[in-house]
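File shown: structure.cif. Contents: mmCIF, C-alpha atoms and all ligand atoms.
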```
data_start
#
loop_
_atom_site.group_PDB
_atom_site.id
_atom_site.type_symbol
_atom_site.label_atom_id
_atom_site.label_comp_id
_atom_site.auth_asym_id
_atom_site.auth_seq_id
_atom_site.Cartn_x
_atom_site.Cartn_y
_atom_site.Cartn_z
ATOM 1 C CA MET A 1 -7.969 -4.872 -22.056
ATOM 2 C CA GLN A 2 -11.202 -6.300 -20.653
ATOM 3 C CA ILE A 3 -13.182 -4.885 -17.725
ATOM 4 C CA ILE A 4 -14.751 -7.517 -15.482
ATOM 5 C CA ARG A 5 -17.457 -6.656 -12.944
ATOM 6 C CA THR A 6 -18.408 -9.938 -11.279
ATOM 7 C CA ALA A 7 -16.472 -12.500 -9.256
ATOM 8 C CA HIS A 8 -18.148 -15.271 -11.278
ATOM 9 C CA GLU A 9 -16.847 -13.933 -14.603
ATOM 10 C CA MET A 10 -13.393 -13.183 -13.145
ATOM 11 C CA ARG A 11 -13.100 -16.748 -11.818
ATOM 12 C CA ALA A 12 -14.185 -18.200 -15.162
ATOM 13 C CA ILE A 13 -11.386 -16.265 -16.859
ATOM 14 C CA THR A 14 -8.725 -17.217 -14.334
ATOM 15 C CA ARG A 15 -9.741 -20.884 -14.701
ATOM 16 C CA GLN A 16 -9.315 -20.617 -18.467
ATOM 17 C CA ILE A 17 -5.836 -19.121 -18.156
ATOM 18 C CA ALA A 18 -4.743 -21.181 -15.142
ATOM 19 C CA ALA A 19 -1.776 -22.611 -17.067
ATOM 20 C CA GLN A 20 -0.308 -19.116 -17.433
ATOM 21 C CA THR A 21 1.501 -17.100 -14.790
ATOM 22 C CA ILE A 22 -1.065 -14.664 -13.472
ATOM 23 C CA GLY A 23 0.239 -11.403 -12.040
ATOM 24 C CA PHE A 24 -2.106 -9.389 -9.839
ATOM 25 C CA VAL A 25 -1.983 -5.729 -8.847
ATOM 26 C CA PRO A 26 -4.686 -4.872 -6.280
ATOM 27 C CA THR A 27 -5.494 -1.146 -6.146
ATOM 28 C CA MET A 28 -8.139 1.283 -4.988
ATOM 29 C CA GLY A 29 -7.847 3.220 -8.255
ATOM 30 C CA ALA A 30 -6.815 6.900 -8.525
ATOM 31 C CA LEU A 31 -3.796 5.446 -10.235
ATOM 32 C CA HIS A 32 -0.430 7.176 -10.409
ATOM 33 C CA GLU A 33 3.059 6.280 -11.596
ATOM 34 C CA GLY A 34 3.587 4.138 -8.472
ATOM 35 C CA HIS A 35 0.717 1.829 -9.462
ATOM 36 C CA LEU A 36 1.805 1.806 -13.094
ATOM 37 C CA SER A 37 5.306 0.725 -12.082
ATOM 38 C CA LEU A 38 3.686 -2.292 -10.368
ATOM 39 C CA VAL A 39 1.789 -3.110 -13.571
ATOM 40 C CA ARG A 40 4.963 -2.811 -15.646
ATOM 41 C CA THR A 41 6.900 -5.084 -13.277
ATOM 42 C CA ALA A 42 4.001 -7.555 -13.350
ATOM 43 C CA LYS A 43 4.046 -7.483 -17.176
ATOM 44 C CA GLU A 44 7.756 -8.327 -17.159
ATOM 45 C CA LYS A 45 7.319 -11.306 -14.843
ATOM 46 C CA CYS A 46 3.903 -12.724 -15.801
ATOM 47 C CA ASP A 47 1.937 -13.865 -18.862
ATOM 48 C CA THR A 48 -1.303 -12.170 -17.858
ATOM 49 C CA VAL A 49 -1.771 -9.137 -15.618
ATOM 50 C CA ILE A 50 -4.999 -8.487 -13.723
ATOM 51 C CA VAL A 51 -5.485 -5.177 -11.900
ATOM 52 C CA SER A 52 -8.310 -4.731 -9.409
ATOM 53 C CA ILE A 53 -9.907 -1.371 -8.729
ATOM 54 C CA PHE A 54 -12.027 -1.395 -5.600
ATOM 55 C CA VAL A 55 -12.255 1.277 -2.914
ATOM 56 C CA ASN A 56 -12.539 -1.057 0.035
ATOM 57 C CA PRO A 57 -14.910 0.311 2.704
ATOM 58 C CA THR A 58 -13.744 -2.012 5.494
ATOM 59 C CA GLN A 59 -10.227 -0.555 5.636
ATOM 60 C CA PHE A 60 -11.517 2.953 6.408
ATOM 61 C CA SER A 61 -12.814 3.887 9.847
ATOM 62 C CA PRO A 62 -15.950 6.061 10.033
ATOM 63 C CA ASN A 63 -13.989 9.324 10.486
ATOM 64 C CA GLU A 64 -11.699 8.665 7.496
ATOM 65 C CA ASP A 65 -11.864 9.632 3.819
ATOM 66 C CA PHE A 66 -13.813 6.714 2.277
ATOM 67 C CA THR A 67 -16.515 8.887 0.692
ATOM 68 C CA ARG A 68 -14.147 11.481 -0.703
ATOM 69 C CA TYR A 69 -11.393 9.036 -1.753
ATOM 70 C CA PRO A 70 -10.602 9.973 -5.399
ATOM 71 C CA ARG A 71 -12.487 7.836 -7.914
ATOM 72 C CA THR A 72 -11.135 8.242 -11.449
ATOM 73 C CA PHE A 73 -12.220 5.007 -13.110
ATOM 74 C CA ASP A 74 -12.218 6.081 -16.771
ATOM 75 C CA GLN A 75 -8.813 7.719 -16.478
ATOM 76 C CA ASP A 76 -7.468 4.667 -14.603
ATOM 77 C CA CYS A 77 -8.634 2.366 -17.412
ATOM 78 C CA GLU A 78 -6.913 4.568 -20.012
ATOM 79 C CA LEU A 79 -3.647 4.399 -18.045
ATOM 80 C CA LEU A 80 -3.967 0.643 -17.604
ATOM 81 C CA LYS A 81 -4.628 0.124 -21.300
ATOM 82 C CA ARG A 82 -1.446 2.049 -22.088
ATOM 83 C CA ALA A 83 0.464 -0.035 -19.526
ATOM 84 C CA ASN A 84 -0.812 -3.196 -21.283
ATOM 85 C CA ALA A 85 -2.789 -4.610 -18.376
ATOM 86 C CA ASP A 86 -4.898 -7.526 -19.609
ATOM 87 C CA PHE A 87 -7.912 -7.370 -17.278
ATOM 88 C CA VAL A 88 -9.385 -4.876 -14.837
ATOM 89 C CA PHE A 89 -11.490 -6.409 -12.099
ATOM 90 C CA ALA A 90 -13.800 -3.679 -10.815
ATOM 91 C CA PRO A 91 -16.490 -5.272 -8.668
ATOM 92 C CA ALA A 92 -19.371 -3.472 -6.973
ATOM 93 C CA THR A 93 -19.356 -3.291 -3.173
ATOM 94 C CA GLU A 94 -22.223 -5.829 -2.913
ATOM 95 C CA GLU A 95 -20.160 -8.256 -4.994
ATOM 96 C CA MET A 96 -17.283 -8.201 -2.511
ATOM 97 C CA TYR A 97 -19.398 -7.817 0.625
ATOM 98 C CA PRO A 98 -22.697 -9.656 0.177
ATOM 99 C CA SER A 99 -25.347 -8.291 2.488
ATOM 100 C CA GLY A 100 -24.884 -9.631 6.021
ATOM 101 C CA ALA A 101 -21.216 -10.666 5.498
ATOM 102 C CA THR A 102 -19.543 -11.026 8.912
ATOM 103 C CA THR A 103 -16.362 -12.951 8.088
ATOM 104 C CA TYR A 104 -13.018 -11.162 8.406
ATOM 105 C CA VAL A 105 -9.361 -12.114 8.122
ATOM 106 C CA THR A 106 -7.092 -10.743 10.846
ATOM 107 C CA VAL A 107 -3.341 -11.125 11.181
ATOM 108 C CA GLU A 108 -3.021 -10.849 14.938
ATOM 109 C CA GLY A 109 -0.190 -8.796 16.425
ATOM 110 C CA LEU A 110 1.195 -7.315 13.220
ATOM 111 C CA SER A 111 -2.139 -5.642 12.426
ATOM 112 C CA ASP A 112 -1.854 -3.460 15.550
ATOM 113 C CA ARG A 113 1.564 -2.011 14.725
ATOM 114 C CA LEU A 114 2.533 1.202 12.882
ATOM 115 C CA ASP A 115 -0.498 2.195 10.730
ATOM 116 C CA GLY A 116 -2.523 -0.515 12.439
ATOM 117 C CA LYS A 117 -1.964 1.214 15.778
ATOM 118 C CA SER A 118 -2.965 4.627 14.408
ATOM 119 C CA ARG A 119 -5.842 3.250 12.316
ATOM 120 C CA PRO A 120 -7.503 0.480 14.372
ATOM 121 C CA GLY A 121 -9.213 -2.069 12.136
ATOM 122 C CA HIS A 122 -7.442 -0.836 8.994
ATOM 123 C CA PHE A 123 -5.373 -3.964 8.390
ATOM 124 C CA ARG A 124 -8.316 -6.251 9.144
ATOM 125 C CA GLY A 125 -10.066 -4.545 6.230
ATOM 126 C CA VAL A 126 -6.979 -4.881 4.023
ATOM 127 C CA THR A 127 -6.352 -8.568 4.758
ATOM 128 C CA THR A 128 -10.039 -9.392 4.371
ATOM 129 C CA ILE A 129 -10.330 -7.784 0.932
ATOM 130 C CA VAL A 130 -6.929 -9.013 -0.288
ATOM 131 C CA SER A 131 -7.739 -12.595 0.694
ATOM 132 C CA LYS A 132 -11.124 -12.341 -1.068
ATOM 133 C CA LEU A 133 -9.399 -10.947 -4.169
ATOM 134 C CA PHE A 134 -6.768 -13.701 -4.059
ATOM 135 C CA HIS A 135 -9.547 -16.328 -3.964
ATOM 136 C CA ILE A 136 -11.239 -14.806 -6.993
ATOM 137 C CA VAL A 137 -8.211 -13.826 -9.108
ATOM 138 C CA GLN A 138 -6.014 -16.816 -8.137
ATOM 139 C CA PRO A 139 -2.750 -15.058 -8.934
ATOM 140 C CA ASN A 140 0.678 -16.677 -8.927
ATOM 141 C CA ILE A 141 2.373 -13.398 -8.043
ATOM 142 C CA ALA A 142 0.882 -10.282 -6.422
ATOM 143 C CA PHE A 143 2.580 -6.885 -6.573
ATOM 144 C CA PHE A 144 2.408 -4.245 -3.817
ATOM 145 C CA GLY A 145 4.098 -0.879 -3.340
ATOM 146 C CA GLN A 146 6.835 -0.625 -0.726
ATOM 147 C CA LYS A 147 5.385 2.760 0.301
ATOM 148 C CA ASP A 148 2.862 0.776 2.341
ATOM 149 C CA ALA A 149 5.639 -1.199 4.027
ATOM 150 C CA ALA A 150 3.484 -2.238 6.988
ATOM 151 C CA GLN A 151 0.793 -3.482 4.585
ATOM 152 C CA VAL A 152 3.422 -5.566 2.761
ATOM 153 C CA ALA A 153 4.525 -7.155 6.068
ATOM 154 C CA VAL A 154 0.945 -7.918 7.108
ATOM 155 C CA ILE A 155 0.083 -9.438 3.721
ATOM 156 C CA ARG A 156 3.243 -11.550 3.611
ATOM 157 C CA LYS A 157 2.336 -12.946 7.034
ATOM 158 C CA MET A 158 -1.265 -13.605 5.966
ATOM 159 C CA VAL A 159 -0.041 -15.470 2.873
ATOM 160 C CA ARG A 160 2.266 -17.618 5.023
ATOM 161 C CA ASP A 161 -0.307 -18.235 7.756
ATOM 162 C CA LEU A 162 -3.148 -19.141 5.372
ATOM 163 C CA ASN A 163 -1.005 -21.076 2.848
ATOM 164 C CA PHE A 164 -1.962 -18.899 -0.088
ATOM 165 C CA PRO A 165 0.015 -20.150 -3.126
ATOM 166 C CA VAL A 166 0.924 -16.566 -4.025
ATOM 167 C CA GLU A 167 4.342 -14.941 -4.208
ATOM 168 C CA ILE A 168 4.365 -11.395 -2.849
ATOM 169 C CA VAL A 169 6.597 -8.899 -4.642
ATOM 170 C CA ALA A 170 7.170 -5.465 -3.110
ATOM 171 C CA CYS A 171 8.175 -2.808 -5.655
ATOM 172 C CA PRO A 172 10.215 0.319 -4.849
ATOM 173 C CA ILE A 173 8.559 3.594 -3.842
ATOM 174 C CA VAL A 174 8.063 5.933 -6.795
ATOM 175 C CA ARG A 175 8.728 9.579 -5.934
ATOM 176 C CA GLU A 176 7.973 12.941 -7.499
ATOM 177 C CA LYS A 177 11.094 14.812 -8.695
ATOM 178 C CA ASP A 178 11.273 16.708 -5.382
ATOM 179 C CA GLY A 179 11.137 13.519 -3.298
ATOM 180 C CA LEU A 180 7.471 13.301 -2.301
ATOM 181 C CA ALA A 181 6.356 9.671 -2.330
ATOM 182 C CA MET A 182 3.530 9.222 -4.848
ATOM 183 C CA SER A 183 0.157 8.594 -3.238
ATOM 184 C CA SER A 184 -3.449 8.797 -4.387
ATOM 185 C CA ARG A 185 -4.023 11.078 -1.389
ATOM 186 C CA ASN A 186 -1.536 13.711 -2.626
ATOM 187 C CA VAL A 187 -4.421 15.256 -4.622
ATOM 188 C CA TYR A 188 -5.921 16.443 -1.307
ATOM 189 C CA LEU A 189 -2.941 18.729 -0.631
ATOM 190 C CA THR A 190 -3.209 22.492 -1.134
ATOM 191 C CA PRO A 191 -0.103 24.139 -2.710
ATOM 192 C CA ASP A 192 1.183 25.087 0.772
ATOM 193 C CA GLU A 193 0.511 21.614 2.156
ATOM 194 C CA ARG A 194 2.257 20.111 -0.881
ATOM 195 C CA LYS A 195 5.416 22.012 0.177
ATOM 196 C CA SER A 196 5.030 20.938 3.809
ATOM 197 C CA ALA A 197 4.590 17.313 2.727
ATOM 198 C CA LEU A 198 8.218 17.287 1.593
ATOM 199 C CA ALA A 199 9.210 17.255 5.273
ATOM 200 C CA LEU A 200 8.503 13.500 5.339
ATOM 201 C CA SER A 201 11.021 12.527 2.657
ATOM 202 C CA ARG A 202 13.446 15.164 4.016
ATOM 203 C CA SER A 203 13.307 13.607 7.486
ATOM 204 C CA LEU A 204 14.072 10.177 6.035
ATOM 205 C CA GLN A 205 16.950 11.561 3.954
ATOM 206 C CA LYS A 206 18.364 13.133 7.124
ATOM 207 C CA ILE A 207 18.320 9.726 8.845
ATOM 208 C CA GLU A 208 19.868 8.029 5.818
ATOM 209 C CA THR A 209 22.718 10.542 5.771
ATOM 210 C CA LEU A 210 23.395 10.092 9.496
ATOM 211 C CA PHE A 211 23.295 6.317 9.029
ATOM 212 C CA LYS A 212 25.697 6.465 6.074
ATOM 213 C CA ASN A 213 28.022 8.564 8.244
ATOM 214 C CA GLY A 214 28.095 5.765 10.799
ATOM 215 C CA ASN A 215 25.424 6.726 13.332
ATOM 216 C CA ARG A 216 23.742 3.535 14.600
ATOM 217 C CA ASN A 217 22.014 5.044 17.631
ATOM 218 C CA ILE A 218 18.290 4.431 17.113
ATOM 219 C CA GLU A 219 17.151 7.138 19.533
ATOM 220 C CA GLU A 220 19.392 9.734 17.888
ATOM 221 C CA LEU A 221 18.249 8.748 14.411
ATOM 222 C CA ILE A 222 14.564 8.954 15.318
ATOM 223 C CA SER A 223 15.051 12.220 17.140
ATOM 224 C CA ALA A 224 16.842 13.729 14.081
ATOM 225 C CA GLY A 225 13.936 12.624 11.885
ATOM 226 C CA LYS A 226 11.356 14.078 14.265
ATOM 227 C CA GLN A 227 13.289 17.330 14.485
ATOM 228 C CA THR A 228 13.304 17.685 10.694
ATOM 229 C CA LEU A 229 9.534 17.163 10.655
ATOM 230 C CA ALA A 230 9.010 19.648 13.473
ATOM 231 C CA GLU A 231 10.794 22.367 11.450
ATOM 232 C CA ASP A 232 7.663 22.606 9.294
ATOM 233 C CA SER A 233 4.705 23.852 11.313
ATOM 234 C CA GLY A 234 2.289 22.440 8.720
ATOM 235 C CA VAL A 235 3.189 18.876 9.672
ATOM 236 C CA LYS A 236 1.811 16.960 12.661
ATOM 237 C CA LEU A 237 3.642 13.762 13.568
ATOM 238 C CA ASP A 238 1.688 10.518 13.859
ATOM 239 C CA TYR A 239 4.568 8.080 14.342
ATOM 240 C CA PHE A 240 8.284 7.803 13.592
ATOM 241 C CA SER A 241 9.663 4.308 14.125
ATOM 242 C CA ILE A 242 12.604 2.098 13.284
ATOM 243 C CA VAL A 243 11.385 -1.481 13.164
ATOM 244 C CA ASN A 244 12.049 -4.971 11.886
ATOM 245 C CA PRO A 245 10.505 -4.940 8.371
ATOM 246 C CA ASP A 246 8.933 -8.403 8.849
ATOM 247 C CA THR A 247 7.549 -8.173 12.397
ATOM 248 C CA LEU A 248 7.131 -4.361 12.553
ATOM 249 C CA GLU A 249 8.495 -4.516 16.114
ATOM 250 C CA ASP A 250 10.823 -1.816 17.398
ATOM 251 C CA ILE A 251 14.453 -2.838 17.186
ATOM 252 C CA GLN A 252 17.281 -2.015 19.563
ATOM 253 C CA ASN A 253 20.211 -2.476 17.149
ATOM 254 C CA ILE A 254 20.551 -1.968 13.420
ATOM 255 C CA ASP A 255 22.335 -5.189 12.482
ATOM 256 C CA HIS A 256 19.760 -6.435 9.940
ATOM 257 C CA PRO A 257 17.786 -4.396 7.405
ATOM 258 C CA ALA A 258 15.736 -1.877 9.390
ATOM 259 C CA LEU A 259 12.554 -0.156 8.264
ATOM 260 C CA VAL A 260 12.399 3.541 9.086
ATOM 261 C CA ALA A 261 8.728 4.484 8.815
ATOM 262 C CA VAL A 262 7.044 7.829 9.255
ATOM 263 C CA ALA A 263 3.388 8.883 9.232
ATOM 264 C CA ALA A 264 2.238 12.474 9.615
ATOM 265 C CA TYR A 265 -0.746 14.700 9.006
ATOM 266 C CA VAL A 266 -0.353 17.577 6.585
ATOM 267 C CA GLY A 267 -3.537 19.544 7.097
ATOM 268 C CA LYS A 268 -6.181 16.823 7.222
ATOM 269 C CA THR A 269 -4.254 14.464 4.956
ATOM 270 C CA ARG A 270 -2.408 11.564 6.511
ATOM 271 C CA LEU A 271 0.756 10.678 4.580
ATOM 272 C CA ILE A 272 3.253 7.865 5.047
ATOM 273 C CA ASP A 273 6.767 7.250 3.790
ATOM 274 C CA ASN A 274 9.708 4.993 4.622
ATOM 275 C CA ILE A 275 13.210 3.858 3.801
ATOM 276 C CA VAL A 276 15.073 0.640 4.540
ATOM 277 C CA LEU A 277 18.513 0.972 6.138
HETATM 278 O O1 LIG B 301 -2.815 -0.536 -1.113
HETATM 279 C C1 LIG B 301 -4.015 -0.398 -1.453
HETATM 280 O O2 LIG B 301 -4.351 0.339 -2.368
HETATM 281 C C2 LIG B 301 -5.089 -1.179 -0.704
HETATM 282 O O3 LIG B 301 -4.808 -1.258 0.652
HETATM 283 C C3 LIG B 301 -5.344 -2.566 -1.293
HETATM 284 C C4 LIG B 301 -4.127 -3.467 -1.160
HETATM 285 C C5 LIG B 301 -5.732 -2.443 -2.757
HETATM 286 C C6 LIG B 301 -6.497 -3.259 -0.550
HETATM 287 O O4 LIG B 301 -7.674 -2.525 -0.656
#
```

Before anything else, please render the file you have as structure tokens.
Amino acid sequence: MQIIRTAHEMRAITRQIAAQTIGFVPTMGALHEGHLSLVRTAKEKCDTVIVSIFVNPTQFSPNEDFTRYPRTFDQDCELLKRANADFVFAPATEEMYPSGATTYVTVEGLSDRLDGKSRPGHFRGVTTIVSKLFHIVQPNIAFFGQKDAAQVAVIRKMVRDLNFPVEIVACPIVREKDGLAMSSRNVYLTPDERKSALALSRSLQKIETLFKNGNRNIEELISAGKQTLAEDSGVKLDYFSIVNPDTLEDIQNIDHPALVAVAAYVGKTRLIDNIVL
């Protein structure tokens, strides 16, 4: 596995291997089983797999956790070697954002829904960095985790709107044995918060059970989910929504696949989770 630091070198490599199918897994590092499952899926589908590790400053607002976001580069590289990734692209901030850069990519509308509503500017940062990475890495297929379902919707729309020749594959959420969705931010949780965090997956399971038993009333489903969250005093709701997975707009009837998405604070840590009905 080779570690590449500059866009110039990365582009030279992707030009050399342009005849192959290039799979790309963009990450911010602090890798866990969820990321590794993306790498493994990419390995199955592609000739060459490139993983980027870059903690992207523009997707964090000033009061968020950019400076303390876990950075575990050496450990990440070990895990990626074992998962047979071919290249790690780990650029410096100045490489991705040359001094004075003022150009951004915004998917209007979608970027203000769900996490975009709670974290203004977040998706502008994500779509800007992902489009820059796509230009440099030139992947045929890019792999994202379904845990960030809103991110997947925004990126799919960006790819369509800007004619990127990239297929987007969303891979299933990987969970701990007790149901907690894997996230790089789980390391922030104290033992008590770790227990409280289970309320998110529990609230989604509650909705799934009601749905399987025939309940199609959106208000009742959301209210059951919120009630399950409220049973744990360590959890503070951000949003609970049932939306169209492509447009992220609230839906009135569940006649197509519906995304049930929850975001909540456990202590200072903001966690998200979702299921598709
Ligand atoms: O999902 C993430 O880790 C990030 O949002 C991404 C896609 C790597 C862009 O920085």

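Picked out by the PyMOL selection byres (((chain A and resi 83-86) around 6) and not hetatm) when it runs on this file: Met1, Val49, Ile50, Leu80, Lys81, Arg82 and Phe87 of chain A.
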
Those selected residues, please, written with C-alpha atoms and delivered as a PDB file, in the frame of the given file.
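For reference, out-v4.pdb as written:
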```pdb
ATOM      1  CA  MET A   1      -7.969  -4.872 -22.056  1.00  0.00           C
ATOM      2  CA  VAL A  49      -1.771  -9.137 -15.618  1.00  0.00           C
ATOM      3  CA  ILE A  50      -4.999  -8.487 -13.723  1.00  0.00           C
ATOM      4  CA  LEU A  80      -3.967   0.643 -17.604  1.00  0.00           C
ATOM      5  CA  LYS A  81      -4.628   0.124 -21.300  1.00  0.00           C
ATOM      6  CA  ARG A  82      -1.446   2.049 -22.088  1.00  0.00           C
ATOM      7  CA  PHE A  87      -7.912  -7.370 -17.278  1.00  0.00           C
TER       8      PHE A  87
END
```

Return as a list in words every polymer residue, whether protein, DNA or RNA, with at least one atom no more than 7 Å from an atom of ligand LIG 301 (chain B); count all atoms listed in the file.
->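 Sorted by chain and then by number, the residues are Pro26, Thr27, Met28, Phe54, Val55, Asn56, Val126, Ile129, Val130, Phe144 and Asp148 of chain A.
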
Kindly resolve the PyMOL selection byres (((chain A and resi 202-218) around 8) and not hetatm) on the present coordinates and return the residues as a PDB file with C-alpha atoms, keeping the file's coordinate frame.
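What ended up in selection_0.pdb:
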```pdb
ATOM      1  CA  GLY A 179      11.137  13.519  -3.298  1.00  0.00           C
ATOM      2  CA  LEU A 198       8.218  17.287   1.593  1.00  0.00           C
ATOM      3  CA  ALA A 199       9.210  17.255   5.273  1.00  0.00           C
ATOM      4  CA  LEU A 200       8.503  13.500   5.339  1.00  0.00           C
ATOM      5  CA  SER A 201      11.021  12.527   2.657  1.00  0.00           C
ATOM      6  CA  GLU A 219      17.151   7.138  19.533  1.00  0.00           C
ATOM      7  CA  GLU A 220      19.392   9.734  17.888  1.00  0.00           C
ATOM      8  CA  LEU A 221      18.249   8.748  14.411  1.00  0.00           C
ATOM      9  CA  ILE A 222      14.564   8.954  15.318  1.00  0.00           C
ATOM     10  CA  ALA A 224      16.842  13.729  14.081  1.00  0.00           C
ATOM     11  CA  GLY A 225      13.936  12.624  11.885  1.00  0.00           C
ATOM     12  CA  LYS A 226      11.356  14.078  14.265  1.00  0.00           C
ATOM     13  CA  GLN A 227      13.289  17.330  14.485  1.00  0.00           C
ATOM     14  CA  THR A 228      13.304  17.685  10.694  1.00  0.00           C
ATOM     15  CA  LEU A 229       9.534  17.163  10.655  1.00  0.00           C
ATOM     16  CA  ILE A 242      12.604   2.098  13.284  1.00  0.00           C
ATOM     17  CA  GLN A 252      17.281  -2.015  19.563  1.00  0.00           C
ATOM     18  CA  ASN A 253      20.211  -2.476  17.149  1.00  0.00           C
ATOM     19  CA  ILE A 254      20.551  -1.968  13.420  1.00  0.00           C
ATOM     20  CA  VAL A 260      12.399   3.541   9.086  1.00  0.00           C
ATOM     21  CA  ASN A 274       9.708   4.993   4.622  1.00  0.00           C
ATOM     22  CA  ILE A 275      13.210   3.858   3.801  1.00  0.00           C
ATOM     23  CA  LEU A 277      18.513   0.972   6.138  1.00  0.00           C
TER      24      LEU A 277
END
```

Length of the atom CA of Ile155 of chain A to atom CA of Ile272 of chain A vector [Å] | 17.6 Å

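Every protein, DNA or RNA residue with an atom at most 7 Å from segment 263-269 of chain A, where only C-alpha atoms count and chain neighbours fewer than 3 positions away do not, is listed here: Tyr188, Glu193, Ser196, Ala197, Gly234, Val235, Lys236, Leu237, Asp238, Tyr239, Phe240, Ile272 and Asp273 of chain A.
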
Chain and number of each residue from the PyMOL selection byres (((chain A and resi 19) around 12) and not hetatm), as a ChimeraX atom specification | /A:13-18,20-22,46-48,138-140

Resulting file, chosen residues, C-alpha atoms, as a PDB file, keeping the file's coordinate frame:
```pdb
ATOM      1  CA  ILE A  13     -11.386 -16.265 -16.859  1.00  0.00           C
ATOM      2  CA  THR A  14      -8.725 -17.217 -14.334  1.00  0.00           C
ATOM      3  CA  ARG A  15      -9.741 -20.884 -14.701  1.00  0.00           C
ATOM      4  CA  GLN A  16      -9.315 -20.617 -18.467  1.00  0.00           C
ATOM      5  CA  ILE A  17      -5.836 -19.121 -18.156  1.00  0.00           C
ATOM      6  CA  ALA A  18      -4.743 -21.181 -15.142  1.00  0.00           C
ATOM      7  CA  GLN A  20      -0.308 -19.116 -17.433  1.00  0.00           C
ATOM      8  CA  THR A  21       1.501 -17.100 -14.790  1.00  0.00           C
ATOM      9  CA  ILE A  22      -1.065 -14.664 -13.472  1.00  0.00           C
ATOM     10  CA  CYS A  46       3.903 -12.724 -15.801  1.00  0.00           C
ATOM     11  CA  ASP A  47       1.937 -13.865 -18.862  1.00  0.00           C
ATOM     12  CA  THR A  48      -1.303 -12.170 -17.858  1.00  0.00           C
ATOM     13  CA  GLN A 138      -6.014 -16.816  -8.137  1.00  0.00           C
ATOM     14  CA  PRO A 139      -2.750 -15.058  -8.934  1.00  0.00           C
ATOM     15  CA  ASN A 140       0.678 -16.677  -8.927  1.00  0.00           C
TER      16      ASN A 140
END
```

I need every residue sitting at most 10 Å from the point (-13.0, -1.3, -7.2) (coordinates as in the file, all atoms listed in the file considered), written as a PDB file with C-alpha atoms, in the coordinates of the input.
```
ATOM      1  CA  ARG A   5     -17.457  -6.656 -12.944  1.00  0.00           C
ATOM      2  CA  PRO A  26      -4.686  -4.872  -6.280  1.00  0.00           C
ATOM      3  CA  THR A  27      -5.494  -1.146  -6.146  1.00  0.00           C
ATOM      4  CA  MET A  28      -8.139   1.283  -4.988  1.00  0.00           C
ATOM      5  CA  GLY A  29      -7.847   3.220  -8.255  1.00  0.00           C
ATOM      6  CA  VAL A  51      -5.485  -5.177 -11.900  1.00  0.00           C
ATOM      7  CA  SER A  52      -8.310  -4.731  -9.409  1.00  0.00           C
ATOM      8  CA  ILE A  53      -9.907  -1.371  -8.729  1.00  0.00           C
ATOM      9  CA  PHE A  54     -12.027  -1.395  -5.600  1.00  0.00           C
ATOM     10  CA  VAL A  55     -12.255   1.277  -2.914  1.00  0.00           C
ATOM     11  CA  ASN A  56     -12.539  -1.057   0.035  1.00  0.00           C
ATOM     12  CA  ARG A  71     -12.487   7.836  -7.914  1.00  0.00           C
ATOM     13  CA  PHE A  73     -12.220   5.007 -13.110  1.00  0.00           C
ATOM     14  CA  VAL A  88      -9.385  -4.876 -14.837  1.00  0.00           C
ATOM     15  CA  PHE A  89     -11.490  -6.409 -12.099  1.00  0.00           C
ATOM     16  CA  ALA A  90     -13.800  -3.679 -10.815  1.00  0.00           C
ATOM     17  CA  PRO A  91     -16.490  -5.272  -8.668  1.00  0.00           C
ATOM     18  CA  ALA A  92     -19.371  -3.472  -6.973  1.00  0.00           C
ATOM     19  CA  THR A  93     -19.356  -3.291  -3.173  1.00  0.00           C
ATOM     20  CA  MET A  96     -17.283  -8.201  -2.511  1.00  0.00           C
TER      21      MET A  96
END
```

Near Pro172 of chain A, within 10 Å and counting only C-alpha atoms, which residues show up once chain neighbours fewer than 5 positions away are dropped, as a list in words?
-> Gly34, Ser37, Leu38, Phe144, Gly145, Gln146, Lys147 and Ile275 of chain A

Can you tell me, as JSON, the centre and edge lengths (Å, one decimal) of the axis-aligned box enclosing all of segment 9-13 of chain A's listed atoms after padding each side by 4 Å?
```
{"center_x": -14.1, "center_y": -15.7, "center_z": -14.3, "size_x": 13.5, "size_y": 13.0, "size_z": 13.0}
```

Test item: residues at most 8 Å from segment 109-114 of chain A, only C-alpha atoms, excluding those fewer than 5 positions along its chain, as a VMD selection string | chain A and resid 120 to 124 150 153 to 154 239 241 247 to 249

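Nearest to Leu31 of chain A of all the residues A:Leu79, A:Leu271, A:Leu189, A:Val159 is A:Leu79, based on only C-alpha atoms.
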
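The interatomic distance for the pair atom CA of Cys171 of chain A and atom CA of Val105 of chain A works out to 24.2 Å.
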
Nearest-residue call for Ala149 of chain A, choices A:Gly100, A:Pro165, A:Pro70, A:Pro245, using all atoms listed in the file |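 So, comparing all the options, the nearest one is A:Pro245.
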
Using all atoms listed in the file: which of A:Glu95, A:Val276, A:Gly116, A:Thr190 has the shortest distance to Phe60 of chain A = A:Gly116

Go through A:Asn163, A:Gln151, A:Asn63, A:Thr72 one by one, measure the shortest atom-to-atom distance of each to His135 of chain A using all atoms listed in the file, and give the residue with the smallest value.
->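 Among the listed residues, the smallest separation from His135 of chain A belongs to A:Asn163.
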